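Okay, start.txt is below, compact mmCIF, C-alpha atoms:
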# COMPACT_ATOMS: atom_id res chain seq x y z
CA MET A 24 -18.80 8.09 19.68
CA SER A 25 -18.93 7.68 23.43
CA THR A 26 -16.07 8.71 25.69
CA GLY A 27 -15.27 5.09 26.50
CA GLN A 28 -14.91 4.27 22.83
CA VAL A 29 -12.64 7.27 22.26
CA ILE A 30 -10.41 6.16 25.12
CA LEU A 31 -10.36 2.60 23.77
CA ALA A 32 -9.48 3.85 20.28
CA THR A 33 -6.67 5.98 21.68
CA LEU A 34 -5.36 3.03 23.70
CA VAL A 35 -5.40 0.68 20.70
CA ILE A 36 -3.70 3.30 18.52
CA LEU A 37 -1.03 3.97 21.15
CA LEU A 38 -0.31 0.24 21.47
CA GLY A 39 -0.12 -0.16 17.70
CA ALA A 40 2.08 2.90 17.28
CA GLY A 41 4.45 1.70 20.02
CA GLY A 42 4.62 -1.77 18.50
CA SER A 43 5.35 -0.57 14.99
CA TYR A 44 7.87 1.99 16.25
CA LEU A 45 9.77 -0.80 18.01
CA LEU A 46 9.53 -3.07 14.96
CA LEU A 47 10.85 -0.48 12.49
CA PRO A 48 14.56 -0.99 11.86
CA HIS A 49 16.68 1.43 13.89
CA ARG A 50 18.95 1.40 16.93
CA HIS A 51 17.38 1.26 20.39
CA GLY A 52 20.22 2.20 22.73
CA ALA A 53 22.17 -0.77 24.01
CA THR A 54 19.30 -3.27 24.16
CA ARG A 55 19.58 -6.29 21.91
CA SER A 56 17.43 -5.97 18.83
CA ARG A 57 15.88 -9.42 19.34
CA ASN A 58 14.36 -8.33 22.66
CA VAL A 59 13.12 -5.09 21.10
CA HIS A 60 11.47 -7.02 18.27
CA ALA A 61 9.75 -9.40 20.69
CA CYS A 62 8.48 -6.44 22.70
CA GLY A 63 7.22 -4.70 19.57
CA ALA A 64 5.53 -7.85 18.30
CA VAL A 65 3.71 -8.31 21.63
CA LEU A 66 2.52 -4.67 21.62
CA ALA A 67 1.40 -4.83 17.99
CA SER A 68 -0.49 -8.09 18.44
CA LEU A 69 -2.21 -6.71 21.55
CA ALA A 70 -3.24 -3.69 19.48
CA LEU A 71 -4.51 -5.92 16.68
CA LEU A 72 -6.49 -8.00 19.17
CA GLY A 73 -8.03 -4.89 20.70
CA PHE A 74 -8.77 -3.47 17.25
CA LEU A 75 -10.52 -6.65 16.12
CA THR A 76 -12.55 -7.21 19.27
CA THR A 77 -13.73 -3.68 19.98
CA PHE A 78 -14.28 -2.06 16.60
CA PHE A 79 -15.40 -4.95 14.43
CA SER A 80 -18.90 -6.34 14.54
CA PRO A 81 -18.89 -10.02 13.60
CA PRO A 82 -20.56 -10.85 10.26
CA SER A 83 -23.64 -12.97 10.74
CA PRO A 84 -23.07 -16.43 9.16
CA PHE A 85 -20.35 -18.21 11.08
CA LEU A 86 -18.30 -19.24 8.06
CA ALA A 87 -18.38 -15.78 6.47
CA GLY A 88 -17.35 -14.25 9.79
CA LEU A 89 -14.51 -16.74 10.19
CA PHE A 90 -13.17 -16.01 6.72
CA PHE A 91 -13.59 -12.27 7.22
CA TYR A 92 -11.49 -12.35 10.39
CA LEU A 93 -8.93 -14.63 8.75
CA PHE A 94 -8.50 -12.35 5.76
CA SER A 95 -8.42 -9.11 7.73
CA ILE A 96 -5.82 -10.49 10.15
CA GLY A 97 -3.81 -11.72 7.16
CA ALA A 98 -4.00 -8.30 5.51
CA ILE A 99 -3.07 -6.25 8.57
CA VAL A 100 -0.29 -8.55 9.85
CA GLY A 101 1.10 -8.91 6.33
CA GLY A 102 1.02 -5.14 5.92
CA LEU A 103 2.90 -4.52 9.14
CA LEU A 104 5.54 -7.12 8.27
CA THR A 105 5.92 -5.76 4.71
CA VAL A 106 6.76 -2.42 6.20
CA THR A 107 9.09 -3.64 8.93
CA SER A 108 11.01 -6.51 7.30
CA ARG A 109 14.76 -5.90 6.96
CA ASN A 110 15.10 -8.17 3.98
CA PRO A 111 13.23 -6.87 0.89
CA ILE A 112 12.56 -10.46 -0.19
CA TYR A 113 10.50 -10.99 2.96
CA SER A 114 8.77 -7.67 2.29
CA ALA A 115 7.71 -8.92 -1.14
CA LEU A 116 6.49 -12.22 0.34
CA TRP A 117 4.43 -10.50 3.02
CA PHE A 118 3.03 -8.18 0.38
CA ALA A 119 1.84 -11.30 -1.44
CA SER A 120 -0.05 -12.22 1.74
CA VAL A 121 -1.63 -8.75 1.78
CA VAL A 122 -2.74 -9.13 -1.83
CA LEU A 123 -4.20 -12.61 -1.30
CA SER A 124 -6.07 -11.45 1.82
CA THR A 125 -7.53 -8.41 0.09
CA ALA A 126 -8.57 -10.63 -2.81
CA GLY A 127 -10.38 -12.81 -0.27
CA LEU A 128 -12.08 -9.74 1.18
CA PHE A 129 -13.13 -8.68 -2.34
CA LEU A 130 -14.66 -12.12 -2.76
CA LEU A 131 -16.57 -11.77 0.52
CA ALA A 132 -17.86 -8.37 -0.64
CA GLY A 133 -19.19 -9.96 -3.81
CA ALA A 134 -16.58 -8.80 -6.33
CA GLN A 135 -15.50 -12.11 -7.83
CA PHE A 136 -14.04 -10.72 -11.03
CA LEU A 137 -11.88 -8.21 -9.19
CA ALA A 138 -10.69 -10.85 -6.71
CA ALA A 139 -9.39 -12.93 -9.61
CA GLY A 140 -8.06 -9.85 -11.42
CA THR A 141 -6.17 -8.60 -8.38
CA VAL A 142 -4.51 -11.96 -7.80
CA ILE A 143 -3.48 -12.24 -11.46
CA VAL A 144 -2.20 -8.66 -11.83
CA TYR A 145 -0.39 -8.52 -8.51
CA ALA A 146 1.07 -12.00 -8.85
CA GLY A 147 2.90 -10.71 -11.94
CA ALA A 148 3.90 -7.52 -10.13
CA ILE A 149 5.24 -9.45 -7.15
CA ILE A 150 7.25 -11.86 -9.30
CA VAL A 151 8.84 -8.91 -11.12
CA THR A 152 9.59 -7.24 -7.78
CA PHE A 153 11.16 -10.49 -6.64
CA LEU A 154 13.44 -10.55 -9.68
CA PHE A 155 14.41 -6.94 -8.99
CA VAL A 156 15.22 -7.70 -5.38
CA ILE A 157 17.38 -10.65 -6.36
CA MET A 158 19.08 -8.58 -9.07
CA LEU A 159 19.71 -5.36 -7.18
CA ALA A 160 19.41 -5.62 -3.42
CA GLN A 161 22.14 -6.56 -1.04
CA MET A 162 20.95 -9.79 0.45
CA GLU A 163 19.92 -10.63 4.00
CA GLY A 164 19.05 -7.08 4.99
CA LYS A 165 22.64 -6.25 5.89
CA ALA A 166 22.65 -2.97 3.94
CA LEU A 167 22.73 0.22 5.95
CA TYR A 168 19.56 1.55 4.36
CA ASP A 169 17.64 -1.59 5.34
CA ARG A 170 18.77 -1.30 8.94
CA ALA A 171 18.00 2.39 9.41
CA ALA A 172 14.51 3.80 9.00
CA ARG A 173 14.16 7.47 8.21
CA ALA A 174 12.73 9.39 11.19
CA PRO A 175 10.78 6.38 12.56
CA GLY A 176 9.30 8.32 15.48
CA SER A 177 7.71 11.14 13.55
CA ALA A 178 6.60 8.83 10.71
CA THR A 179 4.83 6.53 13.19
CA PHE A 180 3.26 9.52 14.92
CA THR A 181 1.93 10.98 11.67
CA CYS A 182 0.52 7.72 10.34
CA PHE A 183 -1.12 6.63 13.56
CA LEU A 184 -2.60 10.11 14.05
CA LEU A 185 -4.24 9.63 10.65
CA PHE A 186 -5.40 6.16 11.73
CA TRP A 187 -6.83 7.55 14.95
CA SER A 188 -8.79 10.20 13.10
CA LEU A 189 -10.12 7.59 10.66
CA LEU A 190 -11.24 5.43 13.61
CA TYR A 191 -12.83 8.48 15.18
CA THR A 192 -14.84 9.22 12.04
CA LEU A 193 -15.80 5.61 11.35
CA GLY A 194 -16.71 4.84 14.97
CA PRO A 195 -20.13 6.53 15.05
CA LEU A 196 -21.32 4.62 11.96
CA HIS A 197 -24.01 2.48 13.57
CA PRO A 198 -27.29 1.38 12.07
CA GLN A 199 -30.30 3.22 13.47
CA GLN A 200 -33.44 1.16 13.78
CA ASP A 201 -35.80 3.77 12.40
CA PRO A 202 -34.09 6.62 10.57
CA THR A 203 -37.29 8.54 9.79
CA ALA A 204 -38.75 8.34 13.29
CA SER A 205 -38.92 12.06 13.98
CA GLU A 206 -38.89 14.91 11.52
CA GLY A 207 -36.55 17.14 13.50
CA ASN A 208 -33.49 14.97 13.80
CA GLY A 209 -34.02 12.85 10.70
CA GLN A 210 -30.98 14.44 9.10
CA GLN A 211 -28.76 13.58 12.03
CA HIS A 212 -29.96 9.98 12.02
CA ALA A 213 -29.24 9.74 8.32
CA GLU A 214 -25.71 10.99 8.80
CA LYS A 215 -25.12 8.39 11.47
CA SER A 216 -26.67 5.50 9.62
CA LEU A 217 -25.70 6.31 5.99
CA VAL A 218 -28.69 6.12 3.64
CA ARG A 219 -28.28 3.61 0.83
CA GLY A 220 -27.94 4.77 -2.77
CA GLY A 221 -31.45 3.80 -3.80
CA ASN A 222 -33.14 5.73 -0.97
CA ILE A 223 -31.19 8.98 -1.10
CA THR A 224 -33.63 10.79 -3.42
CA GLU A 225 -36.72 10.20 -1.32
CA PHE A 226 -34.97 10.51 2.03
CA TYR A 227 -33.50 13.94 1.40
CA GLN A 228 -36.41 14.95 -0.89
CA VAL A 229 -34.04 16.24 -3.58
CA ASN A 230 -35.58 18.73 -6.00
CA GLU A 231 -35.92 17.51 -9.61
CA GLN A 232 -34.08 20.52 -11.08
CA ASP A 233 -31.28 20.31 -8.53
CA PRO A 234 -27.93 19.42 -10.14
CA ALA A 235 -27.49 16.93 -7.29
CA ALA A 236 -30.63 15.13 -8.45
CA ILE A 237 -29.29 14.89 -12.00
CA ALA A 238 -25.98 13.53 -10.74
CA LEU A 239 -27.84 11.03 -8.54
CA ALA A 240 -29.99 9.81 -11.41
CA HIS A 241 -26.86 9.49 -13.54
CA ALA A 242 -25.10 7.45 -10.87
CA GLN A 243 -28.07 5.15 -10.32
CA ARG A 244 -28.79 4.16 -13.89
CA GLN A 245 -30.06 0.64 -14.28
CA THR A 246 -26.91 -0.39 -16.18
CA SER A 247 -24.64 0.18 -13.19
CA ALA A 248 -26.92 -1.19 -10.48
CA MET A 249 -26.13 -4.53 -8.89
CA ARG A 250 -29.75 -5.69 -9.22
CA ASP A 251 -31.84 -5.67 -12.36
CA ALA A 252 -35.29 -4.09 -12.65
CA GLY A 253 -36.98 -7.17 -11.16
CA GLY A 254 -34.78 -7.04 -8.05
CA ALA A 255 -32.80 -10.18 -8.86
CA GLU A 256 -29.03 -9.95 -8.46
CA LYS A 257 -27.06 -9.72 -11.70
CA PRO A 258 -24.12 -12.08 -12.18
CA ASP A 259 -20.98 -10.19 -11.16
CA VAL A 260 -18.97 -10.39 -14.38
CA ALA A 261 -21.99 -9.69 -16.61
CA GLY A 262 -23.06 -6.71 -14.51
CA LEU A 263 -19.55 -5.32 -14.35
CA GLY A 264 -19.13 -5.66 -18.10
CA GLU A 265 -22.47 -3.99 -18.73
CA SER A 266 -21.57 -1.09 -16.47
CA LEU A 267 -18.03 -0.80 -17.85
CA TYR A 268 -18.97 -0.80 -21.53
CA SER A 269 -22.11 1.31 -21.34
CA ASP A 270 -21.63 3.89 -18.59
CA HIS A 271 -17.86 4.04 -18.41
CA LEU A 272 -16.77 3.60 -22.00
CA VAL A 273 -14.54 6.69 -22.00
CA THR A 274 -12.89 5.40 -18.82
CA VAL A 275 -12.01 2.14 -20.54
CA GLU A 276 -10.46 4.03 -23.44
CA LEU A 277 -8.55 6.29 -21.04
CA ALA A 278 -7.26 3.31 -19.09
CA GLY A 279 -6.02 1.72 -22.30
CA THR A 280 -4.27 4.95 -23.31
CA LEU A 281 -2.74 5.22 -19.84
CA LEU A 282 -1.32 1.70 -20.10
CA PHE A 283 0.12 2.47 -23.53
CA VAL A 284 1.71 5.73 -22.39
CA ALA A 285 3.20 3.99 -19.35
CA LEU A 286 4.65 1.30 -21.59
CA VAL A 287 6.27 3.93 -23.83
CA ALA A 288 7.56 5.78 -20.76
CA ALA A 289 9.07 2.65 -19.23
CA VAL A 290 10.91 1.84 -22.48
CA ALA A 291 12.06 5.45 -22.84
CA ILE A 292 13.34 5.64 -19.26
CA THR A 293 15.36 2.45 -19.36
CA GLY A 294 16.32 2.83 -23.05
CA PRO A 295 19.34 0.73 -23.98
CA LYS A 296 22.63 2.60 -24.06
CA ARG A 297 25.41 2.02 -26.53
CA PRO A 298 28.07 -0.10 -24.84
CA ILE A 299 31.47 1.53 -24.32
CA ARG A 300 34.08 -0.43 -26.27
CA PRO A 301 37.81 -0.13 -25.64
CA GLY A 302 39.49 2.17 -28.16
CA ALA A 303 36.29 4.01 -29.06
CA GLY A 304 37.63 7.35 -27.90
CA PRO A 305 37.21 9.21 -24.62
CA GLN A 306 34.53 7.92 -22.32
CA GLN A 307 31.38 9.99 -22.19
CA ASP A 308 29.16 10.42 -19.25
CA ALA A 309 27.12 7.28 -19.50
CA GLY A 310 23.78 8.89 -18.67
CA GLU A 311 23.17 12.04 -20.72
CA GLY A 312 25.70 11.61 -23.51
CA GLY A 313 24.59 8.13 -24.36
CA ARG A 314 20.95 9.17 -24.41
CA ARG A 315 21.60 12.10 -26.74
CA GLU A 316 23.54 9.89 -29.10
CA THR A 317 20.76 7.34 -29.39
CA LEU A 318 18.25 10.09 -30.02
CA LYS A 319 20.34 11.50 -32.88
CA THR A 320 20.73 8.24 -34.78
CA MET B 6 -36.08 -5.09 1.50
CA ILE B 7 -33.19 -5.80 3.84
CA ASP B 8 -29.77 -6.00 2.25
CA ALA B 9 -27.44 -8.66 3.63
CA PHE B 10 -24.56 -6.19 3.50
CA THR B 11 -25.31 -4.15 6.62
CA LEU B 12 -23.74 -0.95 7.83
CA ASP B 13 -21.74 -2.90 10.41
CA LEU B 14 -20.20 -5.02 7.65
CA LEU B 15 -19.38 -1.88 5.68
CA ARG B 16 -17.67 -0.45 8.75
CA ASN B 17 -15.53 -3.58 9.10
CA TYR B 18 -14.32 -3.24 5.53
CA LEU B 19 -13.64 0.48 5.93
CA LEU B 20 -11.58 -0.20 9.07
CA VAL B 21 -9.42 -2.82 7.31
CA GLY B 22 -8.97 -0.42 4.39
CA ALA B 23 -7.95 2.37 6.76
CA ALA B 24 -5.42 0.09 8.49
CA LEU B 25 -3.87 -0.95 5.16
CA PHE B 26 -3.66 2.66 3.99
CA THR B 27 -2.01 3.77 7.23
CA LEU B 28 0.54 0.97 7.21
CA GLY B 29 1.41 1.69 3.59
CA MET B 30 1.90 5.34 4.43
CA LEU B 31 4.14 4.39 7.35
CA GLY B 32 6.31 2.28 5.07
CA PHE B 33 6.48 4.94 2.38
CA LEU B 34 7.50 7.63 4.84
CA SER B 35 9.98 5.72 6.94
CA ARG B 36 11.69 3.03 4.85
CA ARG B 37 14.70 3.91 2.71
CA ASN B 38 14.79 0.96 0.31
CA LEU B 39 13.30 1.96 -3.05
CA ILE B 40 11.68 -1.44 -3.57
CA VAL B 41 10.03 -1.47 -0.13
CA MET B 42 8.75 2.07 -0.75
CA PHE B 43 7.19 0.89 -4.01
CA LEU B 44 5.51 -2.03 -2.23
CA SER B 45 4.15 0.32 0.44
CA ALA B 46 2.63 2.58 -2.21
CA GLU B 47 0.93 -0.46 -3.73
CA MET B 48 -0.41 -1.34 -0.29
CA MET B 49 -2.02 2.10 0.04
CA LEU B 50 -3.75 1.48 -3.28
CA GLN B 51 -5.03 -1.87 -1.96
CA GLY B 52 -6.58 -0.18 1.07
CA THR B 53 -8.35 2.34 -1.13
CA ALA B 54 -9.61 -0.37 -3.48
CA LEU B 55 -11.07 -2.28 -0.52
CA THR B 56 -12.91 0.84 0.64
CA LEU B 57 -14.31 1.51 -2.83
CA ILE B 58 -15.56 -2.05 -3.28
CA ALA B 59 -17.24 -2.06 0.12
CA PHE B 60 -18.99 1.25 -0.59
CA GLY B 61 -20.13 0.01 -3.99
CA ARG B 62 -21.55 -3.14 -2.44
CA TYR B 63 -23.32 -1.13 0.25
CA HIS B 64 -25.02 1.16 -2.25
CA GLY B 65 -25.83 -1.72 -4.60
CA ASN B 66 -23.84 -0.05 -7.35
CA LEU B 67 -21.12 -1.38 -9.64
CA THR B 68 -19.32 1.96 -9.97
CA GLY B 69 -17.08 1.10 -7.01
CA GLN B 70 -15.80 -1.94 -8.88
CA VAL B 71 -15.22 0.16 -12.00
CA PHE B 72 -13.16 2.58 -9.90
CA THR B 73 -11.17 -0.37 -8.60
CA ILE B 74 -10.45 -1.51 -12.16
CA VAL B 75 -9.09 1.98 -12.86
CA ILE B 76 -6.97 1.69 -9.69
CA LEU B 77 -5.61 -1.66 -10.94
CA THR B 78 -4.66 -0.01 -14.24
CA VAL B 79 -2.95 2.87 -12.51
CA ALA B 80 -1.14 0.42 -10.21
CA ALA B 81 0.15 -1.53 -13.22
CA CYS B 82 1.39 1.69 -14.87
CA GLU B 83 2.94 2.81 -11.61
CA ALA B 84 4.71 -0.53 -11.22
CA SER B 85 6.22 -0.38 -14.70
CA ILE B 86 7.44 3.21 -14.38
CA ALA B 87 8.62 2.79 -10.77
CA LEU B 88 10.66 -0.31 -11.55
CA ALA B 89 12.14 1.37 -14.66
CA LEU B 90 13.14 4.31 -12.48
CA VAL B 91 14.62 1.93 -9.89
CA VAL B 92 16.82 0.40 -12.58
CA VAL B 93 18.00 3.83 -13.80
CA LEU B 94 18.67 5.11 -10.27
CA TYR B 95 20.51 1.93 -9.36
CA ASN B 96 22.72 2.23 -12.43
CA ARG B 97 23.70 5.76 -11.43
CA ARG B 98 24.55 5.19 -7.75
CA SER B 99 24.83 1.38 -7.40
CA SER B 100 22.47 1.41 -4.43
CA LEU B 101 18.76 1.27 -3.64
CA ASP B 102 19.07 3.91 -0.93
CA VAL B 103 16.79 6.95 -1.40
CA THR B 104 19.01 9.07 0.83
CA LEU B 105 21.62 9.15 -1.93
CA TRP B 106 19.16 11.28 -3.89
CA GLN B 107 18.59 13.83 -1.14
CA ASP B 108 20.07 16.67 -3.17
CA ILE B 109 16.67 16.96 -4.92
CA ARG B 110 14.87 17.48 -1.59
CA GLU B 111 12.58 20.38 -0.70
CA GLU B 112 14.12 23.74 0.02
CA GLY B 113 14.80 24.28 3.71
CA VAL B 114 14.87 20.60 4.67
CA PRO B 115 18.12 19.72 6.46
CA ALA B 116 20.31 17.14 4.79
CA ALA B 117 20.76 13.79 6.50
CA SER B 118 24.36 13.12 7.41
CA PRO B 119 25.64 9.60 6.66
CA LEU B 120 27.56 9.44 9.94
CA GLN B 121 24.48 10.10 12.03
CA GLU B 122 22.51 7.52 10.05
CA GLU B 123 25.23 4.97 10.60
CA SER B 124 25.00 5.60 14.33
CA GLU B 125 21.20 5.21 14.28
CA ALA B 126 21.20 1.99 12.25
CA GLU B 127 20.34 -1.29 13.85
CA PRO B 128 23.50 -3.21 14.78
CA ILE B 129 24.25 -6.40 12.84
CA GLU B 130 24.09 -9.49 15.01
CA PRO B 131 25.94 -12.25 13.15
CA VAL B 132 24.24 -15.61 13.42
CA PRO B 133 26.55 -18.47 14.50
CA GLY B 134 27.98 -20.24 11.48
CA PRO B 135 30.00 -19.06 8.49
CA GLU B 136 28.91 -15.47 9.12
CA SER B 137 30.63 -15.25 12.48
CA TYR B 138 33.97 -16.74 11.38
CA PRO B 139 36.90 -14.38 11.95
CA ILE B 140 38.04 -12.27 9.00
CA LEU B 141 41.73 -12.70 8.25
CA THR B 142 43.87 -9.78 7.14
CA PRO B 143 45.01 -10.32 3.55
CA ALA B 144 48.70 -11.15 3.24
CA GLY B 145 51.22 -10.52 0.46
CA ILE B 146 52.02 -7.54 -1.75
CA GLU B 147 49.11 -5.44 -2.86
CA PRO B 148 48.70 -5.53 -6.67
CA ALA B 149 49.32 -2.37 -8.66
CA HIS B 150 45.73 -2.10 -9.86
CA PRO B 151 43.25 -2.43 -7.01
CA VAL B 152 40.62 -4.96 -7.90
CA GLN B 153 37.28 -3.18 -8.07
CA PRO B 154 34.16 -4.97 -7.04
CA TRP B 155 31.91 -5.55 -10.04
CA LEU B 156 29.31 -3.09 -8.79
CA GLU B 157 31.67 -0.14 -9.20
CA ARG B 158 32.76 -1.13 -12.69
CA ARG B 159 29.40 -0.43 -14.27
CA LYS B 160 29.91 3.31 -14.89

I need this file expressed as structure tokens, please.
Amino acid sequence: MSTGQVILATLVILLGAGGSYLLLPHRHGATRSRNVHACGAVLASLALLGFLTTFFSPPSPFLAGLFFYLFSIGAIVGGLLTVTSRNPIYSALWFASVVLSTAGLFLLAGAQFLAAGTVIVYAGAIIVTFLFVIMLAQMEGKALYDRAARAPGSATFTCFLLFWSLLYTLGPLHPQQDPTASEGNGQQHAEKSLVRGGNITEFYQVNEQDPAAIALAHAQRQTSAMRDAGGAEKPDVAGLGESLYSDHLVTVELAGTLLFVALVAAVAITGPKRPIRPGAGPQQDAGEGGRRETLKT
Amino acid sequence: MIDAFTLDLLRNYLLVGAALFTLGMLGFLSRRNLIVMFLSAEMMLQGTALTLIAFGRYHGNLTGQVFTIVILTVAACEASIALALVVVLYNRRSSLDVTLWQDIREEGVPAASPLQEESEAEPIEPVPGPESYPILTPAGIEPAHPVQPWLERRK
């Protein structure tokens, strides 16, 4: 990563950190919060603009590029507003925008089944969250805990330091024209340009008896490759099903068990308590006593 | 054979995933509403899923999508348990504030004082309309039993 790019990354991160710090709910001296929000929104959108123009390389067909930018802007803006909204209802709505945008990005990356699955699963999750917000939260973001963020300065610093380091590591990923040009620095080129799964064995000349070679061969079985032996692309759902039910059968079973255990846990945690009726004797502590009683009967 | 999914495209996806992960972490660390914290955790999972799918596409391998299915499962389990816990915690303290549960914090971490938090909270700016009408002092004799709001009667 060149020095100019490092400076640009730092600038973008500083702008974004300042914008999100101003947008997080807490008191800013005597200034009116509306002005602070406008200032934060301007800073954050400048950061987003810089982020999109300097670090992204536009995808080649125009329409795919357009949709990619649309979905990534939707995801990032929705994410920021989920985090900074005072009203949890708005948070849930913006989270829906994040989910829809990531589903669009999945679709652009060729994962049709998961795009549909994400929308279906998270639509249910968001509706349930909505019901919870309506049931439990104090409306309109007037509650103290919605107006005061916990340690906004240090939280922003930590998170954007992580973001900066991720940018710093992802920045040098650029395709090299000819990765095997010279023997001496072939390794370096490979680390910059990330050899694809199919070429790893020959590029690094992995020994047959090496455990890495066995792991590689295991990972690249024909059943979990995106293309069949002839080189034609498998249909997404068929390929995914083949991979899931031949290579990852234990995983499927484990996932089912996990869902079942979580269901049992959710019922056990919220277990119904016996209602307290007038004249039924002294009141017990509603939490522990009631639980013990239901367990006994 | 040239794959249409180039390294530059992969980098784009990784950057969006990194941004989503960071924003989710920011929300989880700094917000105090239990429901918003739960949404932020889900957002971190979304960022990771995006990264996995992009890597799988780059290497021409379906394992990334299988990982994402596992992530979806874990997210569903997490949602059910988290919302069950939210209900239980709300029934105990009648509030969604995590700070009310700070007595289970790490050893050596100073406790947050409610007065200081009140002073750091964003001021309420009433919008013109019914919200900004003056509040009248209640007249008459106070009844013998103070009327409790319904939230406090749930114990």

Residues of chain B were defined as contacting chain A if any atom lay at most 7 Å from it, counting only C-alpha atoms; please report them as a PyMOL selection string.
chain B and resi 12-14+16-17+21+23-25+27-28+30-32+34-38+41+45+55+59+62-68+71+75+78+82+85-86+89-90+93+101-102+122+125-128+160

Which residue is closest to Leu94 of chain B? Choose from B:Trp106, B:Gln121, B:Thr142, B:Gly134 and count all atoms listed in the file.
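Of all the options, B:Trp106 lies closest to Leu94 of chain B.
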
Quick check, in Å to one decimal: how far apart do atom CA of Thr224 of chain A and atom CA of Thr192 of chain A lie?
24.4 Å

Atom CA of Thr11 of chain B to atom CA of Thr56 of chain B, straight-line distance in Å:
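These atoms are spaced 14.6 Å apart.
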
What does the distance between atom CA of Val65 of chain A and atom CA of Gly39 of chain A come to in Å, to one decimal place?
9.8 Å

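Closest approach to Val91 of chain B from the set B:Phe72, B:Phe43, B:Tyr138, B:Phe33 is made by B:Phe43, with distances taken over all atoms listed in the file.
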
Determine, counting all atoms listed in the file, which protein, DNA and RNA residues have an atom within 9 Å of an atom of Ala64 of chain A; residues of the same chain fewer than 2 positions away are not included. Present the result as a PyMOL selection string.
chain A and resi 42-43+45-46+59-62+66-69

Pick from A:Val29, A:Leu116, A:Ile143, A:Leu72 nearest to Leu77 of chain B, counting all atoms listed in the file:
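Comparing A:Val29, A:Leu116, A:Ile143, A:Leu72 against Leu77 of chain B, the winner is A:Ile143.
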